[in-house]
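Working notes, beginning with the structure itself.
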Amino acid sequence: MAKQSGSTEPAGSSPGKGIATIRAAGVPDTPVTNPERLARLAQEWTYLLRVRSRWAFDVELRKSIAERAVKDLAGVGVSTKRLRELATAERIEIEVHDWDRTDARICAIHEAACEIPWEYLLSAGTRAEGRYHSTLISRLFDNGLAQVTPHPPTGMLFVESAPGRFWDKYEFADEEKRISVAIGAIDKPDNDKYRTIVRTPQTSELAKTIHGSRWEAIHVTGIDTHQAAWIVEDFYVDMKTKNKPLFDTLIDSTGRLPDGMILREGHESELPVPYGDLAKILVGPTPPRIVTLNLYYSGARIARELVRNKAHVALGFLDEIDDEVAELFFQAFYWNWFHGKDGLILSIPDAFLKAWEAMPSDKVHGTSIVIWMGRSIFAPGSESIMKSAARSRSAKKASPRKKRAAR
């Protein structure tokens with residue numbers, strides 16, 4: 001049967017699911033429509049947020065940009081009426097459905113959907129329609145993993161990478177200290193089983209470390225593939241001259257450089273690792289509860305692919321962010337997850353929201369910090385629990401001897 005123009009489900013997408021769906025409790029699901037508009041929205045809003053310093057402190061400009069968000073959302077199926085309904089929600093989820101990755105057209109549509117800063121559009125749009133409370137906006141890429149009862153991290157791997165010419169341009173001591181304090185590991189050695197730090201590893205060494213142990217949390221910090229070209233002049237020009245086979249593996253048919261991270265391997269002291277390969281390295285046989293990415297341009301694809309490869313949750317940034325703000329955010333996130341709040345053991349989504357609320361508003365307006373989840377935020381297990389209830393539940397577990405006697 002021929003599809004009508006403007007269909008929500010372009011050929012090649014998941015049958016019956018379309019591109020993406022926006023949902024909130026008590027609000028009908030809202031499918032994203034008009035896929036032909038997504039690339040333009042991604043381009044325009046990515047640019048707008050990249051230059052947010054020009055308008056973030058101007059109340060009138062912010063108001064006009066919020067009005068633009070309302071209009072652009074309406075153009076892809078989120079009406080003003082629906083925004084008013086979403087304005088009452090405490091949690092909003094954008095599910096991006098899987099797609100046929102052999103179809104170039106469908107890939108372009110879905111990649112554009114992932115690039116759009118939905119977090120800002122929905123936040124600005126719902127605030128323009130009356131929202132006044134904090135709202136958690138998350139992304140879903142359903143990977144079929146089972147529910148996990150909320151609990152603080154039981155093991156963390158801290159991965160930092162500044163290979164080759166980047167070595168003397170970046171240092172991670174402050175970030176190490178902040179996160180170590182947040183998870184109660186400030187006096188532990190680098191190779192402690194609870195919190196291990198690996199510094200500028202080869203890709204093979206990193207894969208061995210991750211696949212050889214069980215890490216509930218992995219924090220990754222370093223230089224992304226785009227930032228590398230800003231730090232080292234002619235980084236990719238020189239690569240094309242000196243190592244064209246490597247260069248050719250990176251650049252796609254449109255001349256676009258993929259998101260990714262700079263690592264090293266063998267004779268390649270500065271190896272750009274594309275997002276798909278990076279995700280496979282960072283997710284071992286036992287999926288991590290979370291991977292946090294202190295990398296520019298890690299939110300649209302790197303974090304998504306981590307979840308697609310079975311990580312439970314991944315956090316990243318859609319574009320650039322001030323280094324101090326990024327470190328403060330991850331410190332606040334891990335502190336809230338580790339310590340809890342008001343007698344609660346916080347779930348990862350709730351710890352994320354607490355961290356966001358702790359950020360100085362004058363420094364993060366327009367910043368897209370993205371949380372991708374492999375299980376819906378509306379599914380059981382995404383809510384925080386009372387510490388006393390957790391202890392009670394643990395105490396009620398019968399010992400093997402008692403279980404045998406009860407048979």
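Residues are referred to by chain and number: the chain letter is A, B, ... according to the order shown in the structure tokens, the number counts from 1 in that chain, and ligands are numbered separately from 1 in the order shown.
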
Distance query Ile348 (chain A) at most 12 Å, only C-alpha atoms, self and fewer than 4 positions along chain excluded, as a PyMOL selection string: chain A and resi 136+138+148-153+216-217+289-292+312-315+333-338+340+352-355+371-373+375+377+381-385

Just the selected residues (C-alpha atoms), exported as a CSV table (one decimal), in the first residue's frame, please.
```
chain,number,residue,atom,x,y,z
A,136,LEU,CA,13.3,15.4,33.6
A,138,SER,CA,15.2,11.6,28.9
A,148,VAL,CA,17.6,-3.1,38.2
A,149,THR,CA,16.8,-2.2,41.8
A,150,PRO,CA,18.3,1.3,42.5
A,151,HIS,CA,21.6,1.1,44.5
A,152,PRO,CA,24.8,3.1,44.6
A,153,PRO,CA,27.7,2.0,42.3
A,216,GLU,CA,28.8,-0.8,37.2
A,217,ALA,CA,29.9,2.7,36.2
A,289,ARG,CA,24.7,0.4,34.8
A,290,ILE,CA,25.9,3.7,33.3
A,291,VAL,CA,28.6,5.2,31.1
A,292,THR,CA,29.2,8.9,31.7
A,312,HIS,CA,21.7,0.5,30.8
A,313,VAL,CA,22.2,4.3,30.8
A,314,ALA,CA,24.6,6.7,29.1
A,315,LEU,CA,25.1,10.4,29.6
A,333,PHE,CA,25.6,13.3,39.6
A,334,TYR,CA,27.9,10.8,41.3
A,335,TRP,CA,27.5,12.4,44.7
A,336,ASN,CA,23.7,12.2,44.5
A,337,TRP,CA,23.8,8.6,43.2
A,338,PHE,CA,26.3,7.5,45.8
A,340,GLY,CA,21.2,9.6,48.0
A,352,PHE,CA,20.7,13.1,37.0
A,353,LEU,CA,17.8,15.5,37.8
A,354,LYS,CA,19.3,16.4,41.1
A,355,ALA,CA,22.7,17.1,39.5
A,371,ILE,CA,20.5,10.9,29.3
A,372,TRP,CA,19.9,7.9,27.1
A,373,MET,CA,18.2,4.9,28.7
A,375,ARG,CA,14.6,0.9,29.5
A,377,ILE,CA,11.7,5.8,32.5
A,381,GLY,CA,12.9,0.4,38.6
A,382,SER,CA,13.4,4.0,37.4
A,383,GLU,CA,12.1,5.5,40.7
A,384,SER,CA,14.1,6.1,43.9
A,385,ILE,CA,13.5,3.9,47.0
```

DSSP helix (DSSP H, G or I) residues within region 79-197 of chain A, as a PyMOL selection string: chain A and resi 80-86+104-115+118-128+164-166+173-182

Atom pair CA of Leu61 (chain A) / CA of Trp230 (chain A): separation (Å): 29.4 Å

Distance query Gly75 (chain A) at most 12 Å, only C-alpha atoms, self and fewer than 3 positions along chain excluded, as number ranges by chain: A: 6, 31-38, 40-41, 68-72, 78-80

Would you save the residues from that selection as a compact mmCIF listing (two decimals), in the first residue's frame, using all heavy atoms?
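selection.txt was written with the following content:
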```txt
# COMPACT_ATOMS: atom_id res chain seq x y z
N GLY A 6 4.36 12.82 3.93
CA GLY A 6 4.35 13.28 5.32
C GLY A 6 4.06 12.17 6.31
O GLY A 6 3.76 12.41 7.46
N PRO A 31 3.62 10.80 18.31
CA PRO A 31 4.62 10.39 17.32
C PRO A 31 5.22 11.61 16.63
O PRO A 31 4.54 12.60 16.37
CB PRO A 31 3.82 9.54 16.32
CG PRO A 31 2.42 10.05 16.44
CD PRO A 31 2.24 10.47 17.87
N VAL A 32 6.52 11.54 16.36
CA VAL A 32 7.19 12.59 15.59
C VAL A 32 6.82 12.41 14.13
O VAL A 32 6.97 11.32 13.57
CB VAL A 32 8.71 12.53 15.78
CG1 VAL A 32 9.42 13.49 14.83
CG2 VAL A 32 9.07 12.86 17.24
N THR A 33 6.32 13.46 13.50
CA THR A 33 5.86 13.39 12.11
C THR A 33 6.74 14.24 11.21
O THR A 33 7.69 14.89 11.66
CB THR A 33 4.41 13.87 12.01
OG1 THR A 33 4.33 15.24 12.45
CG2 THR A 33 3.48 13.02 12.87
N ASN A 34 6.40 14.24 9.93
CA ASN A 34 7.10 15.05 8.93
C ASN A 34 8.62 14.85 8.96
O ASN A 34 9.37 15.79 9.25
CB ASN A 34 6.75 16.54 9.11
CG ASN A 34 5.27 16.81 8.94
OD1 ASN A 34 4.63 16.23 8.06
ND2 ASN A 34 4.72 17.67 9.77
N PRO A 35 9.08 13.64 8.67
CA PRO A 35 10.52 13.35 8.76
C PRO A 35 11.38 14.22 7.87
O PRO A 35 12.56 14.43 8.18
CB PRO A 35 10.59 11.88 8.34
CG PRO A 35 9.33 11.60 7.60
CD PRO A 35 8.30 12.46 8.24
N GLU A 36 10.79 14.75 6.79
CA GLU A 36 11.59 15.58 5.88
C GLU A 36 12.03 16.89 6.54
O GLU A 36 12.95 17.56 6.05
CB GLU A 36 10.79 15.88 4.61
CG GLU A 36 9.65 16.86 4.76
CD GLU A 36 8.38 16.26 5.37
OE1 GLU A 36 8.37 15.04 5.62
OE2 GLU A 36 7.42 17.02 5.63
N ARG A 37 11.43 17.25 7.67
CA ARG A 37 11.79 18.50 8.36
C ARG A 37 12.91 18.31 9.38
O ARG A 37 13.47 19.29 9.88
CB ARG A 37 10.56 19.08 9.07
CG ARG A 37 9.42 19.44 8.14
CD ARG A 37 8.32 20.14 8.90
NE ARG A 37 7.18 20.45 8.02
CZ ARG A 37 6.12 21.14 8.39
NH1 ARG A 37 6.03 21.61 9.63
NH2 ARG A 37 5.13 21.37 7.55
N LEU A 38 13.22 17.09 9.73
CA LEU A 38 14.12 16.85 10.86
C LEU A 38 15.54 17.33 10.60
O LEU A 38 16.19 17.87 11.51
CB LEU A 38 14.12 15.36 11.21
CG LEU A 38 12.76 14.80 11.67
CD1 LEU A 38 12.89 13.33 12.02
CD2 LEU A 38 12.23 15.59 12.86
N ARG A 40 16.59 19.80 8.78
CA ARG A 40 16.66 21.26 8.92
C ARG A 40 16.59 21.67 10.38
O ARG A 40 17.35 22.54 10.84
CB ARG A 40 15.52 21.92 8.14
CG ARG A 40 15.51 23.45 8.27
CD ARG A 40 14.31 24.06 7.57
NE ARG A 40 13.05 23.65 8.16
CZ ARG A 40 12.53 24.16 9.28
NH1 ARG A 40 13.19 25.10 9.94
NH2 ARG A 40 11.36 23.75 9.73
N LEU A 41 15.69 21.05 11.14
CA LEU A 41 15.59 21.37 12.57
C LEU A 41 16.89 21.06 13.29
O LEU A 41 17.34 21.83 14.14
CB LEU A 41 14.44 20.58 13.20
CG LEU A 41 13.01 21.04 12.94
CD1 LEU A 41 12.04 20.23 13.77
CD2 LEU A 41 12.86 22.53 13.24
N ARG A 68 9.89 30.16 19.02
CA ARG A 68 10.33 29.40 17.84
C ARG A 68 10.30 27.91 18.13
O ARG A 68 9.95 27.10 17.27
CB ARG A 68 11.74 29.85 17.46
CG ARG A 68 12.30 29.14 16.24
CD ARG A 68 13.62 29.77 15.83
NE ARG A 68 14.20 29.08 14.70
CZ ARG A 68 15.29 29.50 14.05
NH1 ARG A 68 15.88 30.62 14.42
NH2 ARG A 68 15.76 28.81 13.04
N ALA A 69 10.66 27.53 19.36
CA ALA A 69 10.62 26.12 19.75
C ALA A 69 9.19 25.59 19.66
O ALA A 69 8.95 24.47 19.15
CB ALA A 69 11.17 25.94 21.15
N VAL A 70 8.22 26.36 20.13
CA VAL A 70 6.81 25.96 20.07
C VAL A 70 6.39 25.75 18.62
O VAL A 70 5.74 24.75 18.27
CB VAL A 70 5.92 27.02 20.75
CG1 VAL A 70 4.44 26.71 20.51
CG2 VAL A 70 6.21 27.08 22.25
N LYS A 71 6.77 26.67 17.76
CA LYS A 71 6.41 26.58 16.34
C LYS A 71 7.06 25.38 15.67
O LYS A 71 6.40 24.62 14.93
CB LYS A 71 6.83 27.86 15.63
CG LYS A 71 6.51 27.87 14.14
CD LYS A 71 6.98 29.17 13.50
CE LYS A 71 6.72 29.14 11.99
NZ LYS A 71 7.21 30.40 11.34
N ASP A 72 8.34 25.16 15.94
CA ASP A 72 9.04 24.05 15.29
C ASP A 72 8.55 22.70 15.80
O ASP A 72 8.49 21.72 15.03
CB ASP A 72 10.56 24.18 15.49
CG ASP A 72 11.17 25.25 14.59
OD1 ASP A 72 10.49 25.69 13.65
OD2 ASP A 72 12.32 25.65 14.84
N VAL A 78 4.03 17.99 17.46
CA VAL A 78 3.77 18.30 18.87
C VAL A 78 3.01 19.62 18.93
O VAL A 78 3.60 20.70 18.92
CB VAL A 78 5.09 18.39 19.68
CG1 VAL A 78 4.79 18.51 21.17
CG2 VAL A 78 5.98 17.19 19.41
N SER A 79 1.70 19.53 18.99
CA SER A 79 0.86 20.72 18.94
C SER A 79 0.98 21.55 20.21
O SER A 79 1.48 21.09 21.24
CB SER A 79 -0.60 20.30 18.76
OG SER A 79 -1.05 19.60 19.91
N THR A 80 0.49 22.78 20.14
CA THR A 80 0.49 23.64 21.32
C THR A 80 -0.37 23.02 22.43
O THR A 80 -0.01 23.06 23.61
CB THR A 80 -0.06 25.04 20.96
OG1 THR A 80 0.77 25.60 19.93
CG2 THR A 80 -0.04 25.96 22.16
```

Long-range neighbours of Val237 (chain A) as a list in words, 12 Å cut-off, only C-alpha atoms, 5 positions minimum in chain: Ala228, Ala229, Val232, Lys242, Asn243, Lys244, Leu246, Phe247, Asp248 and Ile251 of chain A

Keeping N, CA, C and O atoms for every residue in the selection just given, could you write it to a file as a short mmCIF file (atom, residue, chain, number, x, y, z; two decimals), in the first residue's frame?
```
data_model
loop_
_atom_site.label_atom_id
_atom_site.label_comp_id
_atom_site.auth_asym_id
_atom_site.auth_seq_id
_atom_site.Cartn_x
_atom_site.Cartn_y
_atom_site.Cartn_z
N ALA A 228 39.67 17.49 18.49
CA ALA A 228 41.06 17.22 18.10
C ALA A 228 41.54 18.17 17.01
O ALA A 228 42.68 18.64 17.04
N ALA A 229 40.66 18.47 16.07
CA ALA A 229 41.03 19.35 14.95
C ALA A 229 41.18 20.80 15.39
O ALA A 229 41.87 21.57 14.73
N VAL A 232 44.85 20.65 17.61
CA VAL A 232 46.05 20.42 16.79
C VAL A 232 45.75 20.89 15.36
O VAL A 232 44.91 20.31 14.67
N LYS A 242 49.63 11.65 5.44
CA LYS A 242 50.55 10.65 5.98
C LYS A 242 49.94 9.27 6.15
O LYS A 242 50.66 8.27 6.16
N ASN A 243 48.62 9.20 6.33
CA ASN A 243 47.99 7.90 6.58
C ASN A 243 46.59 7.92 5.95
O ASN A 243 45.58 7.89 6.64
N LYS A 244 46.57 7.96 4.63
CA LYS A 244 45.30 8.06 3.92
C LYS A 244 44.37 6.88 4.17
O LYS A 244 43.15 7.06 4.29
N LEU A 246 43.85 5.27 6.93
CA LEU A 246 43.15 5.55 8.18
C LEU A 246 42.15 6.68 7.97
O LEU A 246 40.99 6.59 8.42
N PHE A 247 42.56 7.73 7.29
CA PHE A 247 41.67 8.86 7.02
C PHE A 247 40.43 8.40 6.27
O PHE A 247 39.31 8.81 6.60
N ASP A 248 40.62 7.54 5.29
CA ASP A 248 39.50 7.08 4.47
C ASP A 248 38.50 6.25 5.27
O ASP A 248 37.31 6.19 4.93
N ILE A 251 36.19 9.25 7.24
CA ILE A 251 35.32 10.20 6.55
C ILE A 251 34.29 9.46 5.71
O ILE A 251 34.63 8.57 4.93
#
```

Distance query Arg50 (chain A) at most 9 Å, only C-alpha atoms, self and fewer than 2 positions along chain excluded, as a VMD selection string: chain A and resid 45 to 48 52 to 53 319 to 320 366 to 367

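For the set A:Ala358, A:Ile197, A:Val181, A:Leu263, the residue with the smallest atom-to-atom gap to His339 (chain A) is A:Val181, counting only C-alpha atoms.
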
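Residues surrounding Arg214 (chain A) within 9 Å are A:Gly155, A:Met156, A:Ile210, A:His211, A:Gly284, A:Pro285, A:Thr286, A:Pro287, A:Pro288 [only C-alpha atoms; sequence separation below 3 positions excluded].
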
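Candidate residues A:Lys310, A:Ser298, A:Thr200, A:Val325 were compared for distance to His365 (chain A), and the nearest is A:Val325, using only C-alpha atoms.
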
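If you measure from each of A:Pro272, A:Gly374, A:Pro201, A:Pro349 to Asp224 (chain A) using only C-alpha atoms, the closest one turns out to be A:Pro272.
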
Residue among A:Trp118, A:Tyr297, A:Phe166, A:Phe317 lying closest to Val96 (chain A), counting only C-alpha atoms: A:Trp118

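Distances here use only C-alpha atoms; by that measure, the residue among A:Leu346, A:Phe141, A:Ala104, A:Ile65 closest to Ser253 (chain A) is A:Ala104.
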
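In this model, the gap between CA of Ala87 (chain A) and CA of Asp322 (chain A) comes to 28.9 Å.
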
9 Å contact set for Tyr296 (chain A), only C-alpha atoms, chain neighbours under 2 positions out, as JSON, numbers by chain: {"A": [222, 223, 224, 225, 226, 227, 259, 293, 294, 298, 299, 316, 317, 318, 319, 320, 321]}

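Using only C-alpha atoms for every distance, the candidate list A:Ile106, A:Glu268, A:Gly26, A:His219 yields A:Glu268 as the residue closest to Gly164 (chain A).
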
Residues of region 132-342 of chain A in strand (DSSP E or B), written as a count of residues only: 49
